[in-house]
Amino acid sequence: MSELEKYIRDKRESFDEAEPVEGHEQRFLQRLERNSEQKENRGIGFWKIAAAVVVLVAVGLSVLVPKFNGPEDVQYASMSLGDVSAEMAEVELYYKSELAEEYEKLNDLSKSDPEVAAHLSEIEELNKAYAELEEQLYESGNHDKVITAMIENFRLRLELLEKLEAKKGEIIKQDSL
């Protein structure tokens with residue numbers, strides 16, 4: 001037996017001397033009931049707050065987090081073929097290097113011939129279309145039709161530049177005659 005229990009047993013009679021005031025038990029039960037209601041309300045309030053936080057986090061994540069199929073650098077909201085796969089990165093590198101080489105060959109010719117300038121204008125339109133395809137690729141998440149359209153766009157630009165190079169050869173031959 002602990003010392004507290006021993007003390008209470010020894011002094012029990014002194015504890016039983018005073019009677020509680022009339023209505024004490026009823027007031028005690030009312031307070032007890034109010035406290036239990038408050039605890040229930042606190043519990044419901046807690047769950048409401050928790051649900052609101054979950055909803056806010058879900059909405060925030062859906063708005064702020066980029067698509068899972070998106071590129072590493074999402075600040076531009078577009079994707080290049082290199083972001084799709086290593087194989088597509090090689091295709092993109094091939095076409096970009098070929099296009100750069102063809103542009104280099106035709107750099108001085110565009111100023112002198114209006115037909116060449118018109119072809120270069122078409123190529124510029126294809127460049128803009130390619131930028132739109134990059135955005136569509138980002139939005140669609142590696143959709144095969146968009147990838148095919150991007151490769152076709154590269155092919156068309158390269159074809160136009162090769163035609164211009166042939167045109168340049170004709171112009172040079174005419175100038176030399």
# chains A, B, ... in the order shown; residues from 1 in each chain; ligands from 1
$ residues_around --residues "Ser80 (chain A)" --least-positions-apart "3" --cutoff "9 Å" --atoms "only C-alpha atoms" --output "list in words"
Pro71, Asp83, Val84, Met88, Ala89, Glu92, Ala131, Leu133, Glu134, Glu135, Leu137, Tyr138 and Met150 of chain A
$ residues_around --residues "Arg155 (chain A)" --least-positions-apart "2" --cutoff "12 Å" --atoms "only C-alpha atoms" --output "list of chain:residue names"
A:Val91, A:Glu92, A:Tyr94, A:Tyr95, A:Lys96, A:Glu98, A:Leu99, A:Ile123, A:Leu126, A:Asn127, A:Tyr130, A:Thr148, A:Ala149, A:Met150, A:Ile151, A:Glu152, A:Asn153, A:Arg157, A:Leu158, A:Glu159, A:Leu160, A:Leu161, A:Glu162
$ atom_distance --atom1 "CA of Ile147 (chain A)" --atom2 "CA of Ser97 (chain A)"
18.5 Å
$ atom_distance --atom1 "CA of Glu122 (chain A)" --atom2 "CA of Glu139 (chain A)"
25.8 Å
$ select_by_dssp --residues "region 69-160 of chain A" --states "alpha helix (DSSP H)" --output "MDAnalysis selection string"
chainID A and resid 86:106 114:140 144:160
$ atom_distance --atom1 "CA of Lys163 (chain A)" --atom2 "CA of Tyr103 (chain A)"
11.9 Å
